[in-house]
file run21.txt (compact mmCIF, C-alpha atoms)
# COMPACT_ATOMS: atom_id res chain seq x y z
CA MET A 1 0.00 0.00 0.00
CA ALA A 2 1.59 3.19 -1.07
CA ALA A 3 1.32 6.07 1.25
CA ARG A 4 -0.87 8.86 0.03
CA ALA A 5 0.77 12.02 -1.17
CA VAL A 6 0.59 14.44 1.68
CA SER A 7 1.11 18.17 1.59
CA GLY A 8 3.03 18.50 4.78
CA GLN A 9 0.08 17.96 7.11
CA GLY A 10 1.58 15.56 9.50
CA TYR A 11 4.76 13.63 9.89
CA TRP A 12 2.84 10.42 10.68
CA ARG A 13 0.58 10.51 7.69
CA ARG A 14 3.55 10.13 5.43
CA LEU A 15 4.75 7.07 7.22
CA VAL A 16 1.54 5.15 7.89
CA PRO A 17 -0.18 3.42 4.92
CA ALA A 18 -3.39 4.88 3.54
CA ALA A 19 -5.49 1.81 4.29
CA LEU A 20 -5.22 2.52 7.99
CA TRP A 21 -6.79 5.96 7.54
CA ALA A 22 -9.89 4.46 6.09
CA ARG A 23 -13.03 4.99 8.15
CA PRO A 24 -13.39 2.29 10.83
CA ARG A 25 -15.85 -0.50 10.05
CA ARG A 26 -18.15 0.53 12.89
CA LEU A 27 -18.83 3.96 11.38
CA GLN A 28 -18.83 2.88 7.76
CA HIS A 29 -22.59 2.43 7.36
CA GLU A 30 -23.64 5.28 9.62
CA GLY A 31 -24.66 7.74 6.95
CA GLN A 32 -26.29 5.11 4.73
CA PRO A 33 -29.93 3.96 5.12
CA GLN A 34 -30.39 0.79 7.20
CA ALA A 35 -30.97 -1.77 4.49
CA GLN A 36 -29.71 -4.72 6.46
CA PRO A 37 -31.99 -7.80 6.71
CA GLU A 38 -33.44 -8.74 10.17
CA HIS A 39 -31.22 -11.19 11.90
CA PRO A 40 -33.30 -14.19 13.03
CA ASP A 41 -31.65 -14.07 16.45
CA GLN A 42 -32.96 -10.57 17.27
CA PRO A 43 -35.82 -10.43 19.89
CA ILE A 44 -39.37 -10.16 18.53
CA GLN A 45 -41.39 -7.26 19.90
CA MET A 46 -44.42 -8.59 21.75
CA GLU A 47 -46.44 -8.01 24.90
CA ASN A 48 -45.04 -9.64 28.01
CA PRO A 49 -46.39 -13.24 27.85
CA TYR A 50 -45.64 -13.84 31.52
CA LYS A 51 -47.76 -10.94 32.65
CA GLU A 52 -50.03 -11.94 35.53
CA PRO A 53 -53.72 -11.05 35.37
CA PRO A 54 -54.55 -8.06 37.61
CA LYS A 55 -55.41 -8.96 41.20
CA ARG A 56 -59.09 -9.05 42.12
CA CYS A 57 -60.41 -7.73 45.37
CA ILE A 58 -62.85 -9.84 47.40
CA LEU A 59 -65.90 -7.91 46.27
CA CYS A 60 -65.09 -8.08 42.57
CA GLU A 61 -68.20 -8.89 40.53
CA ILE A 62 -70.42 -8.74 43.63
CA ASN A 63 -73.27 -6.25 43.78
CA VAL A 64 -73.05 -4.06 46.87
CA ASP A 65 -76.47 -2.96 48.15
CA TYR A 66 -77.43 -0.79 51.12
CA LYS A 67 -79.99 -3.42 52.13
CA ASN A 68 -77.73 -6.36 52.96
CA VAL A 69 -76.55 -5.09 56.28
CA GLN A 70 -74.69 -8.30 57.08
CA LEU A 71 -72.21 -7.80 54.26
CA LEU A 72 -71.72 -4.14 55.08
CA SER A 73 -71.21 -4.90 58.77
CA GLN A 74 -68.16 -6.98 57.94
CA PHE A 75 -66.32 -3.77 57.01
CA VAL A 76 -67.23 -1.97 60.21
CA SER A 77 -65.49 -2.04 63.58
CA PRO A 78 -67.36 -4.04 66.24
CA TYR A 79 -66.30 -1.66 69.00
CA THR A 80 -66.92 1.78 67.56
CA GLY A 81 -68.85 1.14 64.37
CA CYS A 82 -66.42 3.11 62.22
CA ILE A 83 -65.81 2.09 58.63
CA TYR A 84 -62.42 0.51 57.94
CA GLY A 85 -60.05 2.14 55.49
CA ARG A 86 -58.70 0.64 52.31
CA HIS A 87 -55.47 -0.51 53.93
CA ILE A 88 -57.53 -2.74 56.24
CA THR A 89 -60.27 -4.01 53.96
CA GLY A 90 -58.03 -4.60 50.95
CA LEU A 91 -60.71 -3.51 48.46
CA CYS A 92 -60.14 -1.75 45.18
CA HIS A 93 -60.98 1.94 44.81
CA LYS A 94 -64.35 1.40 43.18
CA LYS A 95 -65.63 -1.16 45.66
CA GLN A 96 -64.37 0.70 48.72
CA ARG A 97 -66.29 3.78 47.62
CA GLU A 98 -69.42 1.72 46.92
CA VAL A 99 -69.24 0.06 50.32
CA THR A 100 -68.75 3.38 52.11
CA LYS A 101 -71.66 4.99 50.29
CA ALA A 102 -73.88 1.99 50.99
CA ILE A 103 -72.99 2.01 54.70
CA LYS A 104 -73.75 5.71 55.06
CA ARG A 105 -77.02 5.26 53.23
CA ALA A 106 -78.07 2.28 55.35
CA GLN A 107 -77.22 4.20 58.51
CA VAL A 108 -79.30 7.20 57.52
CA LEU A 109 -82.32 5.22 56.34
CA GLY A 110 -82.45 3.20 59.56
CA PHE A 111 -81.15 -0.17 58.40
CA MET A 112 -77.79 -0.24 60.13
CA PRO A 113 -76.61 1.09 63.49
CA VAL A 114 -74.04 3.88 63.54
CA VAL A 115 -71.95 3.71 66.70
CA LEU A 116 -71.82 -0.05 67.00
CA LYS A 117 -72.01 -3.24 64.99
CA ASN A 118 -75.20 -5.25 65.05
CA PRO A 119 -74.64 -7.93 67.75
CA GLN A 120 -76.23 -10.52 65.47
CA PHE A 121 -73.30 -10.16 63.06
CA LEU A 122 -70.48 -10.18 65.59
CA THR A 123 -69.61 -13.82 64.92
CA ASP A 124 -69.32 -13.35 61.14
CA PRO A 125 -66.11 -14.50 59.40
CA LYS A 126 -63.33 -11.93 59.43
CA ILE A 127 -62.52 -10.39 56.05
CA CYS A 128 -60.46 -7.39 57.04
CA ASN A 129 -56.87 -7.85 58.14
CA ILE A 130 -57.14 -6.13 61.47
CA LYS A 131 -55.78 -7.49 64.71
CA TYR A 132 -57.61 -6.76 67.89
CA PRO A 133 -55.75 -6.61 71.21
CA GLU A 134 -56.41 -9.67 73.37
CA MET B 135 -87.89 -0.13 34.41
CA PRO B 136 -87.84 0.64 38.12
CA ARG B 137 -86.67 4.16 38.70
CA TYR B 138 -87.01 4.72 42.40
CA GLU B 139 -87.11 2.68 45.54
CA LEU B 140 -88.86 3.97 48.61
CA ALA B 141 -87.51 2.58 51.87
CA LEU B 142 -90.31 3.13 54.35
CA ILE B 143 -90.33 2.52 58.09
CA LEU B 144 -93.76 2.63 59.72
CA LYS B 145 -94.61 2.78 63.38
CA ALA B 146 -95.01 -0.58 65.14
CA MET B 147 -98.79 -0.88 65.00
CA GLN B 148 -101.40 -3.60 64.67
CA ARG B 149 -102.08 -5.14 61.29
CA PRO B 150 -105.20 -3.17 60.21
CA GLU B 151 -103.60 0.18 61.00
CA THR B 152 -100.39 -0.73 59.18
CA ALA B 153 -102.42 -1.80 56.18
CA ALA B 154 -104.33 1.48 56.25
CA ALA B 155 -101.11 3.52 56.42
CA LEU B 156 -99.61 1.59 53.51
CA LYS B 157 -102.77 2.05 51.47
CA ARG B 158 -102.67 5.78 52.15
CA THR B 159 -99.04 6.00 51.02
CA VAL B 160 -99.54 4.04 47.83
CA GLU B 161 -102.63 6.02 46.94
CA ALA B 162 -100.73 9.26 47.44
CA LEU B 163 -97.98 7.94 45.18
CA MET B 164 -100.41 6.93 42.44
CA GLU B 165 -102.16 10.27 42.70
CA ARG B 166 -98.90 12.02 41.83
CA GLY B 167 -98.43 9.83 38.80
CA ALA B 168 -96.21 7.01 40.01
CA VAL B 169 -96.54 3.40 38.91
CA VAL B 170 -96.00 1.04 41.82
CA ARG B 171 -94.20 -2.07 40.65
CA LYS B 172 -93.65 -4.07 43.80
CA LEU B 173 -94.28 -3.80 47.49
CA GLU B 174 -92.01 -5.83 49.74
CA ASN B 175 -92.47 -6.41 53.43
CA LEU B 176 -89.21 -6.82 55.31
CA GLY B 177 -91.05 -7.57 58.55
CA GLU B 178 -91.32 -5.97 61.92
CA ARG B 179 -87.98 -5.61 63.61
CA ALA B 180 -86.16 -3.53 66.16
CA LEU B 181 -84.75 -0.30 64.83
CA PRO B 182 -80.93 -0.02 64.86
CA TYR B 183 -81.19 3.04 67.10
CA LYS B 184 -84.04 4.82 68.88
CA ILE B 185 -85.73 7.32 66.58
CA SER B 186 -87.73 10.27 67.83
CA LYS B 187 -90.41 11.34 65.39
CA HIS B 188 -93.63 13.30 65.84
CA SER B 189 -93.01 13.60 69.60
CA GLU B 190 -92.67 9.83 70.05
CA ARG B 191 -89.69 7.62 70.73
CA HIS B 192 -89.69 4.53 68.51
CA ARG B 193 -87.84 1.28 69.15
CA ARG B 194 -89.52 -1.12 66.73
CA GLY B 195 -90.94 -0.63 63.28
CA TRP B 196 -92.36 -2.18 60.14
CA TYR B 197 -89.93 -2.14 57.23
CA PHE B 198 -91.31 -1.81 53.71
CA LEU B 199 -89.71 -1.45 50.30
CA ILE B 200 -91.67 0.02 47.38
CA ASP B 201 -90.35 -0.23 43.80
CA LEU B 202 -91.86 2.46 41.70
CA GLU B 203 -91.52 4.26 38.39
CA ALA B 204 -92.15 7.92 38.75
CA PRO B 205 -91.33 11.33 37.30
CA PRO B 206 -88.54 13.11 39.19
CA SER B 207 -90.87 15.86 40.43
CA ILE B 208 -92.51 13.36 42.74
CA VAL B 209 -89.53 13.06 45.08
CA SER B 210 -89.78 16.39 46.89
CA ALA B 211 -93.58 16.30 46.96
CA MET B 212 -93.71 12.82 48.46
CA THR B 213 -90.96 13.52 50.99
CA GLU B 214 -92.98 16.47 52.24
CA HIS B 215 -96.17 14.41 52.34
CA LEU B 216 -94.58 11.51 54.18
CA GLY B 217 -92.94 13.88 56.62
CA ARG B 218 -96.37 15.07 57.67
CA ASP B 219 -97.75 11.54 58.15
CA ILE B 220 -97.56 10.60 61.84
CA ASP B 221 -97.38 6.87 61.18
CA VAL B 222 -94.21 7.11 59.13
CA VAL B 223 -91.01 6.93 61.17
CA ARG B 224 -88.49 7.30 58.35
CA GLN B 225 -88.64 7.44 54.58
CA GLY B 226 -86.00 7.57 51.88
CA PHE B 227 -86.20 7.82 48.11
CA VAL B 228 -83.36 6.04 46.42
CA LYS B 229 -82.54 5.52 42.77
CA HIS B 230 -83.30 1.90 42.12
CA PRO B 231 -80.09 -0.15 42.31
CA LEU B 232 -80.55 -2.14 39.11
CA ALA B 233 -78.53 -5.31 39.15
CA ARG B 234 -76.14 -4.41 36.34
CA PRO B 235 -73.44 -6.79 35.08
CA GLU B 236 -70.34 -5.74 36.99
CA GLU B 237 -67.22 -5.22 34.91
CA CYS B 238 -64.47 -5.06 37.44
CA PRO B 239 -61.08 -4.57 35.79
CA GLY B 240 -59.20 -5.71 38.88
CA MET B 241 -56.66 -3.85 40.98
CA ILE B 242 -54.33 -2.15 38.49
CA PRO B 243 -51.14 -1.03 40.31
CA VAL B 244 -50.99 2.75 40.44
CA ASN B 245 -47.69 4.52 39.86
CA TYR B 246 -47.57 6.86 42.84
CA GLU B 247 -44.38 8.61 41.72
CA ASP B 248 -46.05 9.82 38.56
CA LYS B 249 -49.09 10.98 40.49
CA LEU B 250 -46.94 12.94 42.87
CA SER B 251 -44.79 14.73 40.29
CA GLY B 252 -47.30 14.81 37.48
CA ARG B 253 -50.08 17.38 37.36
CA LYS B 254 -49.48 20.59 39.25
CA LYS B 255 -52.79 22.34 39.66
call {"tool": "encode", "arguments": {"input": "run21.txt", "output": "structure tokens"}}
result
Amino acid sequence: MAARAVSGQGYWRRLVPAALWARPRRLQHEGQPQAQPEHPDQPIQMENPYKEPPKRCILCEINVDYKNVQLLSQFVSPYTGCIYGRHITGLCHKKQREVTKAIKRAQVLGFMPVVLKNPQFLTDPKICNIKYPE
Amino acid sequence: MPRYELALILKAMQRPETAAALKRTVEALMERGAVVRKLENLGERALPYKISKHSERHRRGWYFLIDLEAPPSIVSAMTEHLGRDIDVVRQGFVKHPLARPEECPGMIPVNYEDKLSGRKK
């Protein structure tokens, strides 16, 4: 490889062969349009197949009514009658709001007591993750 | 299609008087142009708390549920009318909770960071 004729630019250019001054392979195709074929080993774009279905809360697909006081009383404290928050009941936003509205409605219309829980429903199964002191 | 539901609590009385009070209520409803679909009796039970109404303290009552289709103007008129009736302990007009097919999408995890730094009102 003959060295290129240089007009006194650099001492090294005269000595090093021209082939080495060629653009490096990495940058060779930068300016050109990407016309390369898809390599079969490249990942295929798709939605995550291992995605888990969204978690359901316990009242999913259940109609909440102000008339079934037994269901509503399960979300109410047996000592004070206050409605449990979302961090205790574990319900989703929609259902928590529905339950709260139904409880307030039942209390106003005279179906459910306000400051206590109906003694009939005290032995119902526990849904909320609350721990009472012994 | 049922539009309203009237939750009615009547005074704890004997059967003929309760029947008369109910008849009065339903007639008043029909007079104002309501169509009564169903009348359910939830029985006589103890009230959840003592209610004072018309200078009387009530502990027990008859619970009734009336499904009706009515124009919206009836609500205020009937509430006033039932408030004047001495046999009625408590009344409440409610939009009928039609059993609709629930489409619960499940608990989608919310990105709280975005919510915090997102919209600045």
call {"tool": "closest_residue", "arguments": {"input": "run21.txt", "among": "B:Ile143, B:Val222, B:Leu202, B:Leu156", "to": "chain A", "atoms": "only C-alpha atoms"}}
result
B:Ile143
call {"tool": "closest_residue", "arguments": {"input": "run21.txt", "among": "A:Met46, A:Leu71, A:Cys60, A:Ile83", "to": "Lys104 (chain A)", "atoms": "only C-alpha atoms"}}
result
A:Ile83
call {"tool": "atom_distance", "arguments": {"input": "run21.txt", "atom1": "CA of Lys55 (chain A)", "atom2": "CA of His93 (chain A)"}}
result
12.8 Å
call {"tool": "interface_residues", "arguments": {"input": "run21.txt", "of": "chain A", "to": "chain B", "cutoff": "9 Å", "atoms": "only C-alpha atoms", "output": "number ranges by chain"}}
result
A: 53-57, 60-63, 65, 91-94, 107-114, 118
call {"tool": "closest_residue", "arguments": {"input": "run21.txt", "among": "A:His39, A:Lys126, A:His87, A:Lys95", "to": "Ser73 (chain A)", "atoms": "all atoms listed in the file"}}
result
A:Lys126
call {"tool": "closest_residue", "arguments": {"input": "run21.txt", "among": "A:Tyr66, A:Tyr50, A:Ile58, A:Ile103", "to": "His230 (chain B)", "atoms": "all atoms listed in the file"}}
result
A:Tyr66
call {"tool": "atom_distance", "arguments": {"input": "run21.txt", "atom1": "CA of Leu199 (chain B)", "atom2": "CA of Lys172 (chain B)"}}
result
8.0 Å
call {"tool": "closest_residue", "arguments": {"input": "run21.txt", "among": "B:Gly177, B:Pro205, B:Gly167, B:Gly195", "to": "Arg137 (chain B)", "atoms": "all atoms listed in the file"}}
result
B:Pro205
call {"tool": "residues_near_point", "arguments": {"input": "run21.txt", "point": "(-94.7, 4.2, 34.4)", "cutoff": "7 Å", "atoms": "only C-alpha atoms", "output": "list of chain:residue names"}}
result
B:Ala168, B:Val169, B:Glu203, B:Ala204
call {"tool": "residues_around", "arguments": {"input": "run21.txt", "residues": "Val115 (chain A)", "least_positions_apart": "6", "cutoff": "8 Å", "atoms": "all atoms listed in the file", "output": "ChimeraX atom specification"}}
result
/A:80-82
call {"tool": "closest_residue", "arguments": {"input": "run21.txt", "among": "A:Pro43, A:Ala102, A:Leu116, A:Thr123", "to": "Ser77 (chain A)", "atoms": "all atoms listed in the file"}}
result
A:Leu116
call {"tool": "axis_aligned_box", "arguments": {"input": "run21.txt", "around": "region 68-71 of chain A", "padding_each_side": "8 Å", "output": "lines of an AutoDock Vina configuration file"}}
result
center_x = -75.0
center_y = -6.7
center_z = 55.0
size_x = 21.5
size_y = 19.2
size_z = 20.1
